[in-house]
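Notes to accompany the following structure.
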There are 2 protein chains.
Amino acid sequence: MRLVVAGTMALDTIETPYGRAEKIVGGAATYIALAAGYFTSVGVVSVIGYDYPVAMWEALEQKGVDLLGVKRILDRPSFFWEGKYNYDLSQRQTLNTQLNVLDSFPDAMPPSYQEVPYLLLGNLDPRLQYDLWRQCKAQPVVLVDTMNYWLDNARAQVEKVFEIATIVCINDEEARQFSGVPSLKKAARIILGYGPKYLIIKKGENGALLFCEEGTYFFPALPLEEVFDPTGAGDTFAGAIMGYLASQGKVDLPTLRHAIAYATVLSSLCVESFGVENLLHLSPQEVQQRYEQLSQMMQPLGVPLS
Amino acid sequence: MRLVVAGTMALDTIETPYGRAEKIVGGAATYIALAAGYFTSVGVVSVIGYDYPVAMWEALEQKGVDLLGVKRILDRPSFFWEGKYNYDLSQRQTLNTQLNVLDSFPDAMPPSYQEVPYLLLGNLDPRLQYDLWRQCKAQPVVLVDTMNYWLDNARAQVEKVFEIATIVCINDEEARQFSGVPSLKKAARIILGYGPKYLIIKKGENGALLFCEEGTYFFPALPLEEVFDPTGAGDTFAGAIMGYLASQGKVDLPTLRHAIAYATVLSSLCVESFGVENLLHLSPQEVQQRYEQLSQMMQPLGVPLS
């Protein structure tokens, strides 16, 4: 196993201008595992209730995803989230959150996971993120995600997790909130000050920025005809990054830039269907075609003409 | 003269989280002329009142900007705009607009302007934009900007101006409003359907997209430590594009991509001071240094590693 991911596995009810989907499979770890599983072997740490569909469990297993670290609770429903997006899908409103089994999220990982070289800590209570990291015995490469709730309510614990991260991967609002400054350039310096080697700031349809010692790099999002459902795009992005890195066995700037490009491609596919639908049927031809489209968009300027 | 620009010359009162500036020089044509004037010889069509500062008039003339096309009205004040930006400068609120002399905007250009090969029609009544274009005798390369007000109130006239444009340069909100679709990719197809060869969609701190027959290209904004005042960034951007194109004497994809890169650089400098302050003191060394920084951010991905 090359990569362990920790995160929620959930049921989501989602409303977008394109339609409504009731209680479809979601949760960060579902998206992450499917995206990362495209590149490498993945084990999952999570918790589900009685209503997480067997079909999805089987689909994950069929793709080679190891589910030994997923606790199953048979008398309570899975974590549930309901949200609604505005007309251009740039903003969403949470209508309902039911934690359900989430208070039983495992704080331990199976022994077979503990030598893993890559660890993706999806958005969870930072205390849990830290505890899971401590069980790893091989000093893994660590990617950390978080959200505004933890920045508000467990700031010191988030800092502690940033200190053990190789890569912090958060969105622009979270970067501004954590750092307390509106300039992303300044925010990046503050966050990198905690120790991570790389900071990736996700900006949704506006692409992503990579900050590191070597400089600042920009990755556009692919312009799409229709975005059906942005849910899980950020998780898909993080999953693809770590999946690709784990498949390459190294974390340097050129490899990470390729990883972010693949992450951009998989996210673009993710948002073109409701839930994880497209992630279940990734076509290498389509992935490669979009990768080339992205390369073209990022063509270098060349030498200025004057 | 290589380039004629038409647009407002105004006084602005601006409040940002970094301070407040009362009745400083602004207006699209002021920003455009200063940015374009860095690259090429510029003539301006505009109107000012008695309160437009003589010092700015002289500064423009000293930079070689031809002001023969600027009507001076001695008994009324200049166009006035007052606005306030939110904490991260991503949104602004108009507090006060006084049209003043704007109803006397010239609908004719001096004979010495009429053979000009490049024409920049800044945000103005589209009827006026069209009338000015009709006076050009040498089939100029035309860049058109507009704003939501005209899309709401003079839609048919905006379409007519898009038909004669070589380049349409608007922001993402305007592109969505004009096309009626949230997807910028679809919006681009609709707008290009009116005839312009190139569509540039500005996204503020999120960079810019170029759509054309050859493909889609992305330009990140330079991440900045402090943005003091975003006023005029879009005008500076358009001015630099046309200034650079006019200086090169051709409009093909590589030249336009260099132009947009320079436009990104000049806009980044513009927003780091209040009003036109930084545009008055552009340093070729600083421009070149930021151009290289931008080139680095846009490094190509290279061949994927797997």
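Letters A, B, ... mark the chains of the structure tokens in the order given; residue numbers begin at 1 per chain; ligand numbers begin at 1, in order shown.
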Checklist line | Residues of chain B within 7 Å of chain A, counting only C-alpha atoms, as a list of chain:residue names | finding: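 For chain B, the answer reads B:Asp88, B:Pro182, B:Ser183, B:Leu184, B:Lys185, B:Lys186, B:Asn206, B:Thr216, B:Tyr217, B:Phe218, B:Pro220, B:Pro223, B:Leu224, B:Glu225, B:Glu226, B:Arg257, B:His258, B:Ser295, B:Met297, B:Met298, B:Gln299, B:Pro300, B:Leu301, B:Pro304.
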Next item on the list: Assign secondary structure with DSSP using the backbone only, and return the residues of region 59-267 of chain B in strand (DSSP E or B) as a ChimeraX atom specification.
Entry: /B:66-72,79-85,92-98,118-121,141-144,167-171,198-202,208-212,215-219
Written selection (C-alpha atoms) as an mmCIF file, in the first residue's frame:
```cif
data_model
loop_
_atom_site.group_PDB
_atom_site.id
_atom_site.type_symbol
_atom_site.label_atom_id
_atom_site.label_comp_id
_atom_site.auth_asym_id
_atom_site.auth_seq_id
_atom_site.Cartn_x
_atom_site.Cartn_y
_atom_site.Cartn_z
ATOM 1 C CA ASP B 66 -1.450 63.649 -27.632
ATOM 2 C CA LEU B 67 -4.404 65.427 -25.994
ATOM 3 C CA LEU B 68 -5.764 67.198 -29.063
ATOM 4 C CA GLY B 69 -8.884 65.017 -28.906
ATOM 5 C CA VAL B 70 -9.712 66.009 -25.306
ATOM 6 C CA LYS B 71 -12.516 68.556 -25.053
ATOM 7 C CA ARG B 72 -12.130 71.010 -22.192
ATOM 8 C CA PHE B 79 -16.824 63.253 -14.361
ATOM 9 C CA PHE B 80 -16.657 62.145 -10.715
ATOM 10 C CA TRP B 81 -16.779 58.690 -9.180
ATOM 11 C CA GLU B 82 -16.649 57.673 -5.529
ATOM 12 C CA GLY B 83 -16.232 54.075 -4.462
ATOM 13 C CA LYS B 84 -15.344 51.910 -1.518
ATOM 14 C CA TYR B 85 -13.680 48.487 -1.546
ATOM 15 C CA ARG B 92 -16.474 47.499 -4.621
ATOM 16 C CA GLN B 93 -19.472 49.637 -3.996
ATOM 17 C CA THR B 94 -20.178 52.825 -5.918
ATOM 18 C CA LEU B 95 -21.083 55.536 -3.421
ATOM 19 C CA ASN B 96 -21.501 58.450 -5.797
ATOM 20 C CA THR B 97 -21.366 59.126 -9.531
ATOM 21 C CA GLN B 98 -21.611 62.629 -10.991
ATOM 22 C CA TYR B 118 -4.972 50.869 -33.491
ATOM 23 C CA LEU B 119 -8.109 52.012 -31.670
ATOM 24 C CA LEU B 120 -9.017 51.321 -28.042
ATOM 25 C CA LEU B 121 -12.667 51.975 -27.243
ATOM 26 C CA VAL B 141 -7.296 46.981 -35.012
ATOM 27 C CA VAL B 142 -10.021 47.609 -32.398
ATOM 28 C CA LEU B 143 -10.154 46.644 -28.719
ATOM 29 C CA VAL B 144 -13.533 47.143 -27.031
ATOM 30 C CA ILE B 167 -10.482 42.091 -29.418
ATOM 31 C CA VAL B 168 -13.226 42.204 -26.811
ATOM 32 C CA CYS B 169 -11.763 42.700 -23.320
ATOM 33 C CA ILE B 170 -14.312 42.438 -20.498
ATOM 34 C CA ASN B 171 -14.525 40.900 -17.042
ATOM 35 C CA TYR B 198 -10.006 37.402 -29.669
ATOM 36 C CA LEU B 199 -11.904 37.496 -26.399
ATOM 37 C CA ILE B 200 -10.038 38.344 -23.213
ATOM 38 C CA ILE B 201 -11.930 37.704 -19.987
ATOM 39 C CA LYS B 202 -10.429 39.547 -17.026
ATOM 40 C CA ALA B 208 -7.264 36.403 -17.346
ATOM 41 C CA LEU B 209 -8.382 33.981 -20.035
ATOM 42 C CA LEU B 210 -7.782 34.402 -23.755
ATOM 43 C CA PHE B 211 -10.220 32.650 -26.084
ATOM 44 C CA CYS B 212 -9.624 32.413 -29.823
ATOM 45 C CA GLY B 215 -7.462 27.559 -28.299
ATOM 46 C CA THR B 216 -7.778 28.861 -24.753
ATOM 47 C CA TYR B 217 -4.892 30.408 -22.854
ATOM 48 C CA PHE B 218 -4.586 31.367 -19.248
ATOM 49 C CA PHE B 219 -2.648 34.177 -17.609
#
```
Margin query: List as a list in words the protein and nucleic acid residues near Gly49 (chain A), meaning an atom at most 10 Å away when only C-alpha atoms are counted, but skip any in the same chain fewer than 5 places from it.
Written below: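 Contacts, in chain order: Met9, Ala10, Leu11, Lys71, Arg72, Ile73, Leu74, Asp75, Arg76, Pro77, Ser78, Phe79, Asn100, Val101 and Leu102 of chain A.
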How would the residues just picked look written out with N, CA and C atoms as a tab-separated table (two decimals), in the first residue's frame?
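Result file is out_31.tsv:
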```
chain	number	residue	atom	x	y	z
A	9	MET	N	-16.69	9.46	5.00
A	9	MET	CA	-17.45	8.80	3.94
A	9	MET	C	-18.90	9.10	4.28
A	10	ALA	N	-19.63	9.66	3.35
A	10	ALA	CA	-20.90	10.28	3.71
A	10	ALA	C	-21.98	10.05	2.68
A	11	LEU	N	-23.17	10.47	3.03
A	11	LEU	CA	-24.25	10.60	2.05
A	11	LEU	C	-24.56	12.09	1.92
A	71	LYS	N	-14.32	1.77	9.76
A	71	LYS	CA	-15.18	1.21	10.80
A	71	LYS	C	-16.63	1.22	10.30
A	72	ARG	N	-17.34	0.10	10.53
A	72	ARG	CA	-18.75	0.04	10.13
A	72	ARG	C	-19.63	0.00	11.37
A	73	ILE	N	-20.55	0.91	11.45
A	73	ILE	CA	-21.44	0.97	12.60
A	73	ILE	C	-22.84	0.64	12.12
A	74	LEU	N	-23.37	-0.43	12.66
A	74	LEU	CA	-24.56	-1.00	12.02
A	74	LEU	C	-25.88	-0.43	12.53
A	75	ASP	N	-25.83	0.36	13.61
A	75	ASP	CA	-27.10	0.86	14.14
A	75	ASP	C	-27.27	2.37	14.03
A	76	ARG	N	-26.39	3.01	13.26
A	76	ARG	CA	-26.57	4.46	13.07
A	76	ARG	C	-26.32	4.82	11.61
A	77	PRO	N	-26.94	5.90	11.15
A	77	PRO	CA	-26.71	6.30	9.74
A	77	PRO	C	-25.34	6.97	9.56
A	78	SER	N	-24.89	7.01	8.33
A	78	SER	CA	-23.62	7.65	7.97
A	78	SER	C	-23.73	9.17	8.13
A	79	PHE	N	-22.58	9.79	8.19
A	79	PHE	CA	-22.49	11.25	8.16
A	79	PHE	C	-23.29	11.76	6.96
A	100	ASN	N	-24.08	12.06	12.90
A	100	ASN	CA	-24.35	10.62	13.01
A	100	ASN	C	-23.13	9.85	13.50
A	101	VAL	N	-22.58	8.93	12.69
A	101	VAL	CA	-21.47	8.08	13.16
A	101	VAL	C	-20.13	8.80	13.30
A	102	LEU	N	-20.08	10.08	12.94
A	102	LEU	CA	-18.77	10.74	12.86
A	102	LEU	C	-18.04	10.80	14.20
```
Checklist line | Point-to-point distance from CA of Ala35 (chain A) to CA of Ala165 (chain A), Å rounded to tenths | finding: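 A separation of 20.4 Å between them.
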Next item on the list: Figure out the distance between CA of Arg127 (chain A) and CA of Val65 (chain A), please, to one decimal in Å.
Entry: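 CA of Arg127 (chain A) lies 25.2 Å from CA of Val65 (chain A).
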Note to self: Run DSSP on the backbone and tell me which residues of region 107-220 of chain A come out as alpha helix (DSSP H); list them as a PyMOL selection string.
What the structure shows: chain A and resi 126-134+148-153+155-164+172-179+184-192
Note to self: Set the distance at 10 Å and use only C-alpha atoms: which residues neighbour Cys270 (chain A) once local chain neighbours fewer than 3 positions away are removed? I'd like the list as a count of residues only.
What the structure shows: 26
Checklist line | Between CA of Leu60 (chain B) and CA of Cys136 (chain B), distance in Å (one decimal) | finding: 23.3 Å
Nearby residues (only C-alpha atoms) at most 10 Å from Asp152 (chain A), same-chain spacing under 4 positions excluded, as an mmCIF file with N, CA and C atoms, in the first residue's frame:
```
data_model
loop_
_atom_site.group_PDB
_atom_site.id
_atom_site.type_symbol
_atom_site.label_atom_id
_atom_site.label_comp_id
_atom_site.auth_asym_id
_atom_site.auth_seq_id
_atom_site.Cartn_x
_atom_site.Cartn_y
_atom_site.Cartn_z
ATOM 1 N N MET A 147 -10.601 22.913 7.290
ATOM 2 C CA MET A 147 -11.692 23.804 6.885
ATOM 3 C C MET A 147 -11.885 24.899 7.926
ATOM 4 N N ASN A 148 -12.693 25.893 7.574
ATOM 5 C CA ASN A 148 -12.885 27.059 8.439
ATOM 6 C C ASN A 148 -13.322 26.691 9.851
ATOM 7 N N ALA A 156 -4.941 25.983 17.516
ATOM 8 C CA ALA A 156 -3.637 25.482 17.966
ATOM 9 C C ALA A 156 -3.373 24.084 17.416
ATOM 10 N N VAL A 158 -4.654 22.843 14.613
ATOM 11 C CA VAL A 158 -4.381 22.962 13.174
ATOM 12 C C VAL A 158 -2.908 23.330 12.965
ATOM 13 N N GLN A 177 -8.155 33.194 6.174
ATOM 14 C CA GLN A 177 -8.643 33.115 7.544
ATOM 15 C C GLN A 177 -7.525 32.690 8.505
ATOM 16 N N PHE A 178 -6.770 31.682 8.109
ATOM 17 C CA PHE A 178 -5.706 31.185 8.986
ATOM 18 C C PHE A 178 -4.649 32.260 9.227
#
```
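The shortest atom-to-atom distance to Ile241 (chain B), with only C-alpha atoms taken into account, belongs to B:Gly37 out of B:Gly26, B:Gly37, B:Pro17, B:Pro117.
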